[in-house]
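What follows is my_file-v4.cif (mmCIF, C-alpha atoms and all ligand atoms).
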data_model
loop_
_atom_site.label_atom_id
_atom_site.label_comp_id
_atom_site.auth_asym_id
_atom_site.auth_seq_id
_atom_site.Cartn_x
_atom_site.Cartn_y
_atom_site.Cartn_z
CA GLN T 1 0.39 24.44 3.50
CA TRP T 2 2.13 21.07 3.36
CA ASN T 3 5.45 21.70 5.13
CA LEU T 4 7.08 18.69 3.53
CA LYS T 5 10.16 17.08 5.06
CA THR T 6 11.15 15.46 1.77
CA ASP T 7 13.80 16.39 -0.80
CA TRP T 8 11.81 15.43 -3.87
CA LEU T 9 8.78 13.31 -3.08
CA GLY T 10 5.65 15.44 -3.23
CA GLN T 11 7.49 18.65 -4.02
CA ASN T 12 5.21 18.61 -7.02
CA MET T 13 1.83 18.06 -5.33
CA HIS T 14 -1.60 18.18 -6.92
CA PHE T 15 -4.55 18.47 -4.60
CA GLU T 16 -8.00 17.75 -6.06
CA GLU T 17 -11.33 18.07 -4.31
CA GLN T 18 -13.06 15.38 -6.29
CA VAL T 19 -11.79 12.94 -8.91
CA ASP T 20 -12.89 9.58 -10.26
CA SER T 21 -9.61 8.06 -9.15
CA THR T 22 -6.25 9.60 -8.34
CA GLN T 23 -4.74 6.65 -10.25
CA THR T 24 -6.41 7.85 -13.45
CA VAL T 25 -5.21 11.42 -12.87
CA ALA T 26 -1.70 10.11 -12.17
CA HIS T 27 -1.62 8.04 -15.37
CA GLN T 28 -2.61 11.07 -17.37
CA LEU T 29 -0.05 13.34 -15.72
CA ALA T 30 2.65 10.69 -16.13
CA ARG T 31 1.86 10.30 -19.83
CA GLU T 32 2.15 14.08 -20.15
CA GLY T 33 5.62 13.87 -18.59
CA ALA T 34 5.05 14.62 -14.90
CA GLU T 35 8.29 14.37 -12.98
CA HIS T 36 9.42 11.56 -10.70
CA GLY T 37 7.95 12.11 -7.25
CA THR T 38 4.79 13.89 -8.37
CA VAL T 39 1.96 13.27 -5.89
CA ILE T 40 -1.80 13.51 -6.42
CA VAL T 41 -4.09 13.70 -3.40
CA ALA T 42 -7.87 13.89 -3.51
CA ASP T 43 -10.45 14.72 -0.89
CA GLU T 44 -12.98 12.40 -2.51
CA GLN T 45 -12.93 9.72 -5.21
CA LEU T 46 -16.04 8.71 -7.09
CA LYS T 47 -14.51 5.60 -8.62
CA GLY T 48 -11.70 4.66 -6.28
CA ARG T 49 -10.34 1.30 -7.25
CA GLY T 50 -8.47 -1.49 -5.54
CA ARG T 51 -6.65 -4.60 -6.59
CA LEU T 52 -8.44 -7.15 -8.74
CA HIS T 53 -10.92 -4.49 -9.95
CA ARG T 54 -12.48 -4.18 -6.53
CA PRO T 55 -14.01 -0.79 -5.71
CA TRP T 56 -12.32 1.31 -3.04
CA HIS T 57 -14.65 3.42 -0.90
CA SER T 58 -13.23 6.92 -0.77
CA GLN T 59 -15.68 9.20 0.97
CA LYS T 60 -15.05 12.89 1.18
CA GLY T 61 -12.51 13.83 3.80
CA SER T 62 -12.45 10.43 5.43
CA GLY T 63 -9.06 9.23 4.32
CA ILE T 64 -5.86 9.69 2.38
CA TRP T 65 -6.48 8.91 -1.27
CA MET T 66 -3.14 9.39 -2.94
CA SER T 67 -1.16 8.37 -6.01
CA ILE T 68 2.59 8.75 -6.41
CA ILE T 69 4.34 8.84 -9.77
CA LEU T 70 7.79 7.22 -9.72
CA ARG T 71 10.26 6.71 -12.53
CA PRO T 72 12.63 4.11 -11.09
CA ASP T 73 15.53 2.81 -13.11
CA ILE T 74 14.88 -0.85 -12.28
CA GLU T 75 13.80 -3.91 -14.21
CA PRO T 76 10.01 -4.13 -14.57
CA HIS T 77 9.80 -7.45 -12.70
CA ARG T 78 11.00 -5.63 -9.58
CA ALA T 79 8.06 -3.20 -9.53
CA PRO T 80 6.03 -5.36 -7.10
CA GLN T 81 8.80 -4.83 -4.56
CA LEU T 82 7.76 -1.18 -4.50
CA THR T 83 4.37 -2.29 -3.14
CA LEU T 84 6.08 -4.06 -0.25
CA ALA T 85 8.40 -1.12 0.37
CA SER T 86 5.41 1.23 0.45
CA ALA T 87 3.68 -1.01 2.98
CA VAL T 88 6.72 -0.68 5.25
CA ALA T 89 6.62 3.12 4.89
CA ILE T 90 2.93 3.20 5.83
CA THR T 91 3.47 1.03 8.92
CA LYS T 92 6.42 3.20 10.02
CA MET T 93 4.32 6.34 9.74
CA LEU T 94 1.42 4.74 11.64
CA LYS T 95 3.61 3.48 14.47
CA PHE T 96 5.51 6.72 14.75
CA LEU T 97 2.55 9.11 14.75
CA THR T 98 -0.59 7.28 15.77
CA GLY T 99 0.44 4.44 18.05
CA VAL T 100 -1.71 2.08 15.99
CA GLN T 101 -0.04 -1.35 15.66
CA PRO T 102 -0.39 -2.19 11.98
CA LYS T 103 0.37 -5.49 10.32
CA ILE T 104 1.25 -6.05 6.68
CA LYS T 105 -0.68 -8.68 4.79
CA TRP T 106 1.25 -9.75 1.71
CA PRO T 107 1.33 -8.17 -0.75
CA ASN T 108 -0.59 -4.93 -0.40
CA ASP T 109 -2.79 -4.64 2.66
CA ILE T 110 -2.32 -3.00 6.03
CA PHE T 111 -4.41 -4.52 8.78
CA VAL T 112 -5.12 -3.71 12.40
CA GLY T 113 -6.39 -6.81 14.09
CA ASP T 114 -8.66 -8.49 11.57
CA ARG T 115 -9.69 -5.30 9.80
CA LYS T 116 -8.18 -3.55 6.84
CA LEU T 117 -6.86 -0.05 7.41
CA ALA T 118 -5.07 0.64 4.15
CA GLY T 119 -4.42 -0.80 0.71
CA ILE T 120 -1.82 -0.23 -1.97
CA LEU T 121 -2.37 -0.46 -5.70
CA THR T 122 0.75 -0.44 -7.85
CA GLU T 123 0.37 0.07 -11.59
CA MET T 124 3.16 0.18 -14.12
CA GLN T 125 3.73 1.40 -17.62
CA ALA T 126 6.67 -0.40 -19.21
CA GLU T 127 7.99 -0.77 -22.72
CA GLN T 128 9.85 -4.06 -23.07
CA ASP T 129 12.51 -3.95 -20.38
CA LEU T 130 12.18 -0.26 -19.53
CA ILE T 131 9.86 1.20 -16.94
CA GLU T 132 8.29 4.39 -18.16
CA TYR T 133 6.60 5.04 -14.85
CA VAL T 134 5.10 3.34 -11.81
CA ILE T 135 2.10 4.65 -9.93
CA ILE T 136 1.76 3.77 -6.28
CA GLY T 137 -1.82 4.27 -5.13
CA ILE T 138 -2.39 4.44 -1.40
CA GLY T 139 -5.78 4.37 0.26
CA LEU T 140 -5.70 4.90 4.02
CA ASN T 141 -8.85 5.21 6.12
CA VAL T 142 -8.29 8.08 8.53
CA ASN T 143 -11.42 9.75 9.88
CA LEU T 144 -13.99 7.14 9.05
CA ASP T 145 -16.33 6.62 11.97
CA GLN T 146 -18.44 3.52 12.43
CA LYS T 147 -21.55 5.11 10.97
CA ALA T 148 -19.66 6.03 7.83
CA VAL T 149 -18.33 2.54 7.21
CA PRO T 150 -20.44 1.04 4.40
CA ASP T 151 -22.62 -1.89 5.50
CA ASP T 152 -20.73 -4.50 3.53
CA LEU T 153 -17.45 -3.41 5.13
CA GLN T 154 -18.56 -3.20 8.78
CA ASP T 155 -16.59 -6.26 9.82
CA VAL T 156 -13.67 -5.84 7.47
CA ALA T 157 -12.67 -2.17 7.46
CA THR T 158 -11.21 0.08 10.12
CA SER T 159 -9.74 3.58 10.30
CA ILE T 160 -7.18 5.44 12.39
CA GLN T 161 -10.05 7.23 14.11
CA LEU T 162 -11.77 3.96 14.97
CA GLU T 163 -8.52 2.55 16.36
CA THR T 164 -7.47 5.60 18.37
CA GLY T 165 -10.79 7.19 19.28
CA LYS T 166 -9.96 10.58 17.81
CA ALA T 167 -9.92 12.43 14.52
CA TRP T 168 -6.61 13.08 12.75
CA LYS T 169 -5.28 15.85 10.51
CA ARG T 170 -4.52 14.33 7.17
CA GLU T 171 -1.78 16.87 6.37
CA GLU T 172 0.37 15.68 9.25
CA LEU T 173 -0.02 12.04 8.27
CA ILE T 174 0.76 12.78 4.61
CA GLN T 175 3.85 14.74 5.57
CA GLU T 176 5.26 11.83 7.58
CA LEU T 177 4.13 9.24 5.05
CA LEU T 178 5.95 10.96 2.21
CA TYR T 179 9.04 11.33 4.36
CA GLN T 180 9.04 7.59 5.16
CA MET T 181 8.33 6.70 1.53
CA GLU T 182 11.22 8.80 0.28
CA SER T 183 13.69 7.27 2.76
CA ILE T 184 12.64 3.71 1.99
CA TYR T 185 12.60 4.29 -1.74
CA GLU T 186 16.18 5.58 -1.62
CA LEU T 187 17.29 2.61 0.47
CA PHE T 188 15.55 0.29 -1.99
CA LEU T 189 17.33 1.81 -4.99
CA GLN T 190 20.74 1.89 -3.33
CA GLN T 191 20.75 -1.41 -1.49
CA GLY T 192 17.99 -3.46 -3.06
CA PHE T 193 14.88 -4.99 -1.63
CA SER T 194 16.76 -7.29 0.73
CA SER T 195 17.55 -4.23 2.89
CA ILE T 196 13.83 -3.78 3.55
CA LYS T 197 12.95 -7.45 4.02
CA GLN T 198 13.64 -7.42 7.74
CA ALA T 199 11.47 -4.38 8.40
CA TRP T 200 8.73 -6.01 6.37
CA GLU T 201 8.87 -9.30 8.27
CA GLN T 202 8.92 -7.49 11.59
CA ASP T 203 5.39 -6.25 10.96
CA ALA T 204 4.12 -9.12 8.86
CA TYR T 205 0.69 -10.46 9.57
CA ARG T 206 0.41 -14.08 10.67
CA LEU T 207 4.09 -14.88 10.33
CA GLY T 208 4.61 -18.49 11.43
CA GLU T 209 0.86 -19.09 11.49
CA THR T 210 -1.42 -21.19 9.33
CA ILE T 211 -3.02 -19.40 6.42
CA THR T 212 -5.01 -20.35 3.36
CA VAL T 213 -3.14 -19.81 0.12
CA LYS T 214 -4.76 -19.43 -3.26
CA ALA T 215 -2.28 -19.66 -6.11
CA ARG T 216 -1.57 -21.66 -9.25
CA ARG T 217 -5.31 -22.41 -9.42
CA LYS T 218 -5.15 -24.33 -6.18
CA GLU T 219 -6.04 -23.58 -2.59
CA TRP T 220 -4.23 -25.05 0.37
CA GLU T 221 -3.34 -24.54 4.02
CA ALA T 222 0.21 -23.52 4.74
CA THR T 223 2.44 -21.84 7.26
CA LEU T 224 3.53 -18.31 6.41
CA ILE T 225 7.33 -18.43 6.54
CA GLY T 226 8.22 -14.96 5.30
CA ILE T 227 9.36 -13.31 2.12
CA HIS T 228 12.20 -14.04 -0.24
CA GLU T 229 15.04 -11.58 -0.96
CA ASP T 230 13.06 -10.43 -3.97
CA GLY T 231 9.73 -10.00 -2.21
CA ALA T 232 8.09 -13.29 -3.18
CA LEU T 233 5.95 -14.97 -0.54
CA ILE T 234 7.33 -18.12 1.12
CA VAL T 235 4.89 -20.66 2.51
CA GLU T 236 5.38 -24.21 3.74
CA ASP T 237 2.79 -26.96 3.51
CA GLU T 238 2.22 -29.77 6.01
CA ASN T 239 4.86 -31.96 4.33
CA GLN T 240 7.46 -29.27 4.96
CA SER T 241 7.54 -28.50 1.28
CA LYS T 242 8.18 -24.82 0.60
CA SER T 243 6.67 -22.73 -2.18
CA VAL T 244 7.91 -19.36 -3.38
CA LEU T 245 4.97 -17.43 -4.78
CA TYR T 246 5.04 -14.31 -6.90
CA SER T 247 1.31 -14.10 -7.29
CA ALA T 248 -1.15 -15.36 -4.68
CA GLU T 249 -4.02 -14.46 -2.42
CA ILE T 250 -3.76 -15.30 1.23
CA ASP T 251 -6.45 -15.51 3.87
CA TRP T 252 -7.08 -17.02 7.25
CA LYS T 253 -9.93 -18.52 9.19
CA LYS T 254 -11.80 -15.93 11.20
C1 LIG T 301 -6.43 -2.43 -2.47
O1 LIG T 301 -6.50 -2.61 -1.25
O2 LIG T 301 -6.89 -3.27 -3.27
C2 LIG T 301 -5.77 -1.18 -2.98
C3 LIG T 301 -6.56 0.05 -2.69
C4 LIG T 301 -5.92 1.31 -3.25
C5 LIG T 301 -6.78 2.54 -3.11
C6 LIG T 301 -6.08 3.79 -3.51
S1 LIG T 301 -6.92 5.27 -3.04
C7 LIG T 301 -5.85 6.23 -4.02
C8 LIG T 301 -5.63 5.45 -5.30
N1 LIG T 301 -6.70 5.75 -6.24
C9 LIG T 301 -7.46 4.67 -6.47
O3 LIG T 301 -8.44 4.65 -7.23
N2 LIG T 301 -6.98 3.61 -5.80
C10 LIG T 301 -5.82 3.97 -5.00
#
Represent the structure from my file as structure tokens, please.
Ligand code: BTN
Amino acid sequence: QWNLKTDWLGQNMHFEEQVDSTQTVAHQLAREGAEHGTVIVADEQLKGRGRLHRPWHSQKGSGIWMSIILRPDIEPHRAPQLTLASAVAITKMLKFLTGVQPKIKWPNDIFVGDRKLAGILTEMQAEQDLIEYVIIGIGLNVNLDQKAVPDDLQDVATSIQLETGKAWKREELIQELLYQMESIYELFLQQGFSSIKQAWEQDAYRLGETITVKARRKEWEATLIGIHEDGALIVEDENQSKSVLYSAEIDWKK
């Protein structure tokens, strides 16, 4: 059914019609010993979740709701780099198959114009300095038409269908997405995050533009300079003073 182009990613694939969250299923499978590269896809999530405990709308059949179990042999502090690498894989798939021009908003969002198309939620289980597993959750709005977009998200969410004017087969998108993820993951392990930095910056949202940064309990206006070799965000304030941020929220005036 899936016709995967990958060597290992998704070769163990679980498809569920309805779950609370594929993240929860993935955690359970990982605890039970599921192998590296196991993928869980659901048609519908009842309690899809996003970053910062935000809910993630996951209506039946309208998107790709997927969690990937990885067991990388890296230091736990590098796990956030996997979020950035996954964002690059998603943009590559979108550009290659759909013609949509996606932009990556640090650290985990994919935007088209001013609307969010996809989000990534990375969760990790680590014991001291050893990663037991990482779960990469990807939510990508595919066949969500305007009527189906919840009221509170009308101005903020988009889908591939809304951007291209036609419905898409999720299987084809998943196949390419997993292929891109596997290639980038291997590059990341072999050559480090710096090998992906350029691809990330190429599609970065608002690079060189003024954004609002919320970090270190402050909020200020800054220019988005790019990302550091290790994936941290680099911004510069009006006094040309640069900050390297590992945890922040960015936004811009609409
Ligand atoms: C975000 O933008 O804050 C991240 C959204 C991540 C949503 C995906 S959908 C599949 C997986 N299961 C979940 O409950 N969340 C992630």
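Using all atoms listed in the file, the shortest contact distance between ligand LIG 301 (chain T) and any of T:Gly99, T:Pro72, T:Gly192, T:Gly50 is found at T:Gly50.
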Taking all atoms listed in the file and a cut-off of 9 Å, can you tell me which residues surround ligand LIG 301 (chain T), written as a short mmCIF file (atom, residue, chain, number, x, y, z; two decimals) with C-alpha atoms, in the coordinates of the input?
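File written: part-v5.cif
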data_model
loop_
_atom_site.label_atom_id
_atom_site.label_comp_id
_atom_site.auth_asym_id
_atom_site.auth_seq_id
_atom_site.Cartn_x
_atom_site.Cartn_y
_atom_site.Cartn_z
CA ASP T 20 -12.89 9.58 -10.26
CA SER T 21 -9.61 8.06 -9.15
CA THR T 22 -6.25 9.60 -8.34
CA GLN T 23 -4.74 6.65 -10.25
CA THR T 24 -6.41 7.85 -13.45
CA VAL T 25 -5.21 11.42 -12.87
CA ALA T 26 -1.70 10.11 -12.17
CA ILE T 40 -1.80 13.51 -6.42
CA VAL T 41 -4.09 13.70 -3.40
CA ALA T 42 -7.87 13.89 -3.51
CA GLN T 45 -12.93 9.72 -5.21
CA LEU T 46 -16.04 8.71 -7.09
CA LYS T 47 -14.51 5.60 -8.62
CA GLY T 48 -11.70 4.66 -6.28
CA ARG T 49 -10.34 1.30 -7.25
CA GLY T 50 -8.47 -1.49 -5.54
CA ARG T 51 -6.65 -4.60 -6.59
CA LEU T 52 -8.44 -7.15 -8.74
CA HIS T 53 -10.92 -4.49 -9.95
CA ARG T 54 -12.48 -4.18 -6.53
CA PRO T 55 -14.01 -0.79 -5.71
CA TRP T 56 -12.32 1.31 -3.04
CA HIS T 57 -14.65 3.42 -0.90
CA SER T 58 -13.23 6.92 -0.77
CA GLY T 63 -9.06 9.23 4.32
CA ILE T 64 -5.86 9.69 2.38
CA TRP T 65 -6.48 8.91 -1.27
CA MET T 66 -3.14 9.39 -2.94
CA SER T 67 -1.16 8.37 -6.01
CA ILE T 68 2.59 8.75 -6.41
CA ASN T 108 -0.59 -4.93 -0.40
CA ASP T 109 -2.79 -4.64 2.66
CA ILE T 110 -2.32 -3.00 6.03
CA LYS T 116 -8.18 -3.55 6.84
CA ALA T 118 -5.07 0.64 4.15
CA GLY T 119 -4.42 -0.80 0.71
CA ILE T 120 -1.82 -0.23 -1.97
CA LEU T 121 -2.37 -0.46 -5.70
CA THR T 122 0.75 -0.44 -7.85
CA ILE T 136 1.76 3.77 -6.28
CA GLY T 137 -1.82 4.27 -5.13
CA ILE T 138 -2.39 4.44 -1.40
CA GLY T 139 -5.78 4.37 0.26
CA LEU T 140 -5.70 4.90 4.02
#
Subject >> Interatomic distance (Å, one decimal) between CA of Ile211 (chain T) and CA of Ile234 (chain T) >> reply: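 Separation between CA of Ile211 (chain T) and CA of Ile234 (chain T): 11.7 Å.
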**OP:** Grab the CA of Leu224 (chain T) to CA of Asp114 (chain T) distance for me, in Å with one decimal place.
**Re:**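 Those two atoms sit 16.5 Å apart.
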Original post:
To one decimal place, how far is CA of Pro107 (chain T) from CA of Ala87 (chain T) in Å?
Top reply: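 Spanning CA of Pro107 (chain T) to CA of Ala87 (chain T) is a straight-line distance of 8.4 Å.
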**OP:** Find the residues near region 148-160 of chain T: any atom within 9 Å, counting all atoms listed in the file, skip ones fewer than 5 places away on the same chain, and give them as a VMD selection string.
**Re:** chain T and resid 57 59 62 to 63 94 98 100 111 to 112 114 to 118 140 to 143 165 to 168
Subject >> Residue among T:Thr38, T:Thr212, T:Ser247, T:Gln18 lying closest to Gly231 (chain T), counting all atoms listed in the file >> reply: T:Ser247
**OP:** Can you work out which one of T:Ala89, T:Val19, T:Ala199, T:Val244 has the shortest atom-to-atom distance to Glu186 (chain T), counting only C-alpha atoms?
**Re:** T:Ala89
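With only C-alpha atoms as the atoms that count, the minimum distance from Phe188 (chain T) to the choices T:Asp230, T:Gln11, T:Phe96, T:His27 is reached by T:Asp230.
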Original post:
Hey, what's within 12 Å of Trp220 (chain T) if we count all atoms listed in the file and toss same-chain stuff fewer than 2 positions away? As a list in words, please?
Top reply: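 Skipping anything fewer than 2 positions along the chain leaves Thr210, Ile211, Thr212, Val213, Lys214, Ala215, Arg216, Arg217, Lys218, Ala222, Thr223, Leu224, Val235, Glu236, Asp237, Glu238, Ser243, Ala248, Glu249, Ile250, Asp251 and Trp252 of chain T.
The shortest atom-to-atom distance to Glu172 (chain T), with all atoms listed in the file taken into account, belongs to T:Met93 out of T:Met93, T:Met124, T:Ile227, T:Leu130.
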With 5 Å added on each side, what axis-aligned box encloses every listed atom of region 216-220 of chain T? Give the centre and edge lengths in Å to one decimal, as AutoDock Vina command-line options.
--center_x -3.8 --center_y -23.4 --center_z -4.5 --size_x 14.5 --size_y 13.4 --size_z 19.8
